[in-house]
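my_file.txt follows (compact mmCIF, C-alpha atoms):
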# COMPACT_ATOMS: atom_id res chain seq x y z
CA MET R 1 -47.58 -49.00 -26.22
CA ASP R 2 -49.06 -52.33 -27.34
CA ILE R 3 -46.91 -55.45 -27.05
CA ILE R 4 -47.39 -58.34 -29.46
CA LYS R 5 -45.75 -61.57 -28.32
CA VAL R 6 -44.69 -63.77 -31.22
CA SER R 7 -43.79 -67.46 -30.98
CA SER R 8 -42.29 -69.83 -33.54
CA LYS R 9 -45.81 -71.19 -34.07
CA SER R 10 -47.34 -67.78 -34.84
CA THR R 11 -48.60 -67.31 -38.40
CA PRO R 12 -46.88 -64.31 -40.00
CA GLN R 13 -50.08 -63.37 -41.93
CA LYS R 14 -52.14 -63.23 -38.70
CA VAL R 15 -49.49 -61.29 -36.79
CA ALA R 16 -49.30 -58.88 -39.75
CA GLY R 17 -53.07 -58.43 -39.52
CA ALA R 18 -52.80 -57.61 -35.80
CA ILE R 19 -50.01 -55.09 -36.44
CA SER R 20 -51.83 -53.32 -39.25
CA ASN R 21 -55.06 -53.16 -37.23
CA LEU R 22 -53.20 -51.35 -34.47
CA PHE R 23 -51.74 -48.87 -36.95
CA ARG R 24 -55.17 -48.31 -38.50
CA GLU R 25 -56.47 -47.39 -35.02
CA SER R 26 -54.15 -44.37 -34.89
CA THR R 27 -51.36 -46.17 -33.01
CA ASP R 28 -47.98 -45.06 -34.28
CA LYS R 29 -45.77 -47.49 -32.37
CA VAL R 30 -46.11 -51.22 -31.73
CA GLU R 31 -43.74 -53.36 -29.70
CA MET R 32 -43.16 -57.00 -30.59
CA GLN R 33 -41.38 -59.56 -28.45
CA ALA R 34 -39.75 -62.77 -29.70
CA ILE R 35 -37.71 -65.39 -27.86
CA GLY R 36 -35.58 -67.65 -30.04
CA ALA R 37 -34.66 -67.72 -33.72
CA GLY R 38 -37.92 -69.36 -34.84
CA ALA R 39 -40.07 -66.74 -33.15
CA LEU R 40 -37.94 -63.88 -34.48
CA ASN R 41 -38.24 -65.31 -37.99
CA GLN R 42 -42.05 -65.21 -37.81
CA ALA R 43 -41.98 -61.70 -36.31
CA ILE R 44 -39.79 -60.27 -39.08
CA LYS R 45 -41.90 -61.94 -41.80
CA ALA R 46 -44.99 -60.43 -40.15
CA ILE R 47 -43.48 -56.95 -40.33
CA ALA R 48 -42.62 -57.41 -44.03
CA ILE R 49 -46.23 -58.45 -44.71
CA ALA R 50 -47.71 -55.68 -42.52
CA ARG R 51 -45.71 -53.10 -44.49
CA GLY R 52 -47.78 -54.07 -47.52
CA PHE R 53 -51.06 -53.87 -45.57
CA VAL R 54 -50.29 -50.44 -44.15
CA ALA R 55 -48.55 -48.85 -47.17
CA PRO R 56 -51.81 -47.83 -48.94
CA THR R 57 -52.66 -45.61 -45.93
CA GLY R 58 -49.43 -43.68 -46.54
CA LYS R 59 -47.55 -45.16 -43.60
CA ASN R 60 -44.07 -46.60 -44.05
CA LEU R 61 -43.37 -49.15 -41.29
CA VAL R 62 -39.79 -49.52 -40.06
CA CYS R 63 -38.49 -51.63 -37.21
CA ILE R 64 -35.95 -51.03 -34.47
CA PRO R 65 -34.46 -54.21 -32.98
CA ALA R 66 -33.29 -54.22 -29.36
CA PHE R 67 -32.36 -56.69 -26.65
CA SER R 68 -34.65 -57.14 -23.69
CA ASP R 69 -34.07 -59.18 -20.52
CA ILE R 70 -37.16 -60.97 -19.36
CA GLU R 71 -37.90 -63.54 -16.67
CA ILE R 72 -39.66 -66.79 -17.50
CA ASP R 73 -40.36 -69.27 -14.67
CA GLY R 74 -37.77 -67.48 -12.52
CA GLU R 75 -35.11 -67.83 -15.24
CA GLU R 76 -33.47 -64.87 -16.96
CA ARG R 77 -33.85 -65.00 -20.77
CA THR R 78 -32.88 -62.58 -23.50
CA ALA R 79 -35.71 -61.70 -25.81
CA ILE R 80 -35.54 -59.61 -28.93
CA LYS R 81 -37.79 -56.59 -28.84
CA LEU R 82 -38.87 -55.14 -32.17
CA ILE R 83 -40.27 -51.64 -32.05
CA VAL R 84 -42.34 -51.02 -35.16
CA GLU R 85 -42.86 -47.38 -36.06
CA ALA R 86 -44.71 -45.63 -38.84
CA LEU R 87 -42.74 -42.95 -40.71
CA MET H 1 -25.88 -50.13 -52.05
CA ASP H 2 -23.69 -52.55 -50.10
CA ILE H 3 -25.03 -56.06 -49.44
CA ILE H 4 -23.95 -57.94 -46.31
CA LYS H 5 -24.73 -61.64 -46.43
CA VAL H 6 -25.34 -63.11 -42.99
CA SER H 7 -25.33 -66.81 -42.14
CA SER H 8 -26.32 -68.64 -38.96
CA LYS H 9 -22.60 -68.92 -38.19
CA SER H 10 -21.94 -65.18 -38.47
CA THR H 11 -20.96 -63.43 -35.25
CA PRO H 12 -23.41 -60.58 -34.51
CA GLN H 13 -20.59 -58.43 -33.05
CA LYS H 14 -18.51 -58.73 -36.25
CA VAL H 15 -21.47 -58.07 -38.54
CA ALA H 16 -22.35 -55.05 -36.38
CA GLY H 17 -18.78 -53.79 -36.86
CA ALA H 18 -19.11 -54.15 -40.63
CA ILE H 19 -22.44 -52.29 -40.64
CA SER H 20 -21.21 -49.43 -38.52
CA ASN H 21 -18.02 -49.08 -40.60
CA LEU H 22 -20.16 -48.62 -43.70
CA PHE H 23 -22.26 -45.96 -41.98
CA ARG H 24 -19.12 -44.19 -40.78
CA GLU H 25 -17.96 -44.03 -44.41
CA SER H 26 -20.92 -41.79 -45.30
CA THR H 27 -23.14 -44.66 -46.49
CA ASP H 28 -26.74 -44.10 -45.47
CA LYS H 29 -28.23 -47.41 -46.55
CA VAL H 30 -26.98 -50.98 -46.12
CA GLU H 31 -28.70 -54.10 -47.38
CA MET H 32 -28.42 -57.37 -45.47
CA GLN H 33 -29.47 -60.78 -46.72
CA ALA H 34 -30.32 -63.79 -44.55
CA ILE H 35 -31.62 -67.23 -45.49
CA GLY H 36 -33.24 -69.23 -42.70
CA ALA H 37 -34.23 -68.45 -39.12
CA GLY H 38 -30.71 -68.88 -37.68
CA ALA H 39 -29.20 -66.43 -40.14
CA LEU H 40 -31.98 -63.89 -39.60
CA ASN H 41 -31.48 -64.16 -35.84
CA GLN H 42 -27.81 -63.20 -36.18
CA ALA H 43 -28.65 -60.39 -38.61
CA ILE H 44 -31.21 -58.80 -36.27
CA LYS H 45 -28.86 -59.07 -33.28
CA ALA H 46 -26.16 -57.41 -35.39
CA ILE H 47 -28.47 -54.47 -36.17
CA ALA H 48 -29.33 -54.06 -32.47
CA ILE H 49 -25.59 -53.97 -31.63
CA ALA H 50 -24.74 -51.68 -34.57
CA ARG H 51 -27.37 -49.19 -33.35
CA GLY H 52 -25.24 -48.74 -30.24
CA PHE H 53 -22.03 -48.32 -32.29
CA VAL H 54 -23.55 -45.72 -34.59
CA ALA H 55 -25.74 -43.81 -32.08
CA PRO H 56 -22.88 -41.59 -30.80
CA THR H 57 -22.47 -40.18 -34.33
CA GLY H 58 -26.08 -38.98 -34.18
CA LYS H 59 -27.46 -41.63 -36.51
CA ASN H 60 -30.52 -43.66 -35.56
CA LEU H 61 -30.48 -46.97 -37.46
CA VAL H 62 -33.81 -48.53 -38.41
CA CYS H 63 -34.47 -51.61 -40.51
CA ILE H 64 -36.99 -52.44 -43.20
CA PRO H 65 -37.62 -56.17 -43.67
CA ALA H 66 -38.63 -57.50 -47.08
CA PHE H 67 -38.84 -60.78 -48.96
CA SER H 68 -36.42 -61.50 -51.74
CA ASP H 69 -36.39 -64.44 -54.16
CA ILE H 70 -32.92 -65.70 -54.88
CA GLU H 71 -31.53 -68.69 -56.73
CA ILE H 72 -29.07 -71.06 -55.06
CA ASP H 73 -27.72 -74.01 -57.07
CA GLY H 74 -30.58 -73.60 -59.54
CA GLU H 75 -33.16 -73.77 -56.75
CA GLU H 76 -35.51 -70.90 -55.90
CA ARG H 77 -35.23 -69.82 -52.23
CA THR H 78 -36.83 -67.02 -50.30
CA ALA H 79 -34.37 -64.86 -48.44
CA ILE H 80 -35.14 -62.07 -46.04
CA LYS H 81 -33.67 -58.75 -47.09
CA LEU H 82 -33.08 -56.22 -44.34
CA ILE H 83 -32.56 -52.67 -45.50
CA VAL H 84 -30.81 -50.72 -42.76
CA GLU H 85 -31.22 -46.96 -42.96
CA ALA H 86 -29.94 -44.09 -40.85
CA LEU H 87 -32.54 -41.54 -39.75
Can the structure in the file be given as structure tokens, please?
Amino acid sequence: MDIIKVSSKSTPQKVAGAISNLFRESTDKVEMQAIGAGALNQAIKAIAIARGFVAPTGKNLVCIPAFSDIEIDGEERTAIKLIVEAL
Amino acid sequence: MDIIKVSSKSTPQKVAGAISNLFRESTDKVEMQAIGAGALNQAIKAIAIARGFVAPTGKNLVCIPAFSDIEIDGEERTAIKLIVEAL
């Protein structure tokens, strides 16, 4: 499964483009990772935009939020993992 | 459809309780509204927690993010609407 890491500086439009490209290439599941409220905000906006990109191909994108423990510079952080699926 | 308004001060655990109560009462769609990154962060965490509350009843909660224009004190703001559905 592909993982897209989103930061607070990511542009929702560009992330949406990356998501919809993956779904166009027959992927049916994309994982996104965001650490912090700013990053999560951009990730969720990207999914809302990607829904519009992908809808004409008959795919309805939904997202499943989950917690994910990751290690950054030896420190434990909690990231939010967003699993985007096409129904 | 029920609308749950989430702020940056909302407790994800409590919001998750409210969501799962609605799903227990035979609802199959809940709408959440968040304005700003902090509020959205709490809303997404609440959905992740609610998934765990609702899973034992055989329901798999997914969320559909969308933009929503709302008016606050005569000013136009963009809120994020999260439609939570049970599969």
Chain R contacts on chain H, all atoms listed in the file, 10 Å, as a VMD selection string:
chain H and resid 8 36 to 42 44 to 49 51 to 52 60 to 67 80 to 85
Between atom CA of Leu22 of chain H and atom CA of Ser7 of chain H, what is the distance, to one decimal in Å?
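Computed distance, atom CA of Leu22 of chain H to atom CA of Ser7 of chain H, equals 19.0 Å.
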Atom CA of Asp2 of chain H to atom CA of Ser68 of chain H, straight-line distance in Å
15.6 Å
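Atom pair atom CA of Ala86 of chain R / atom CA of Phe23 of chain R has a distance of 8.0 Å (rounded to one decimal).
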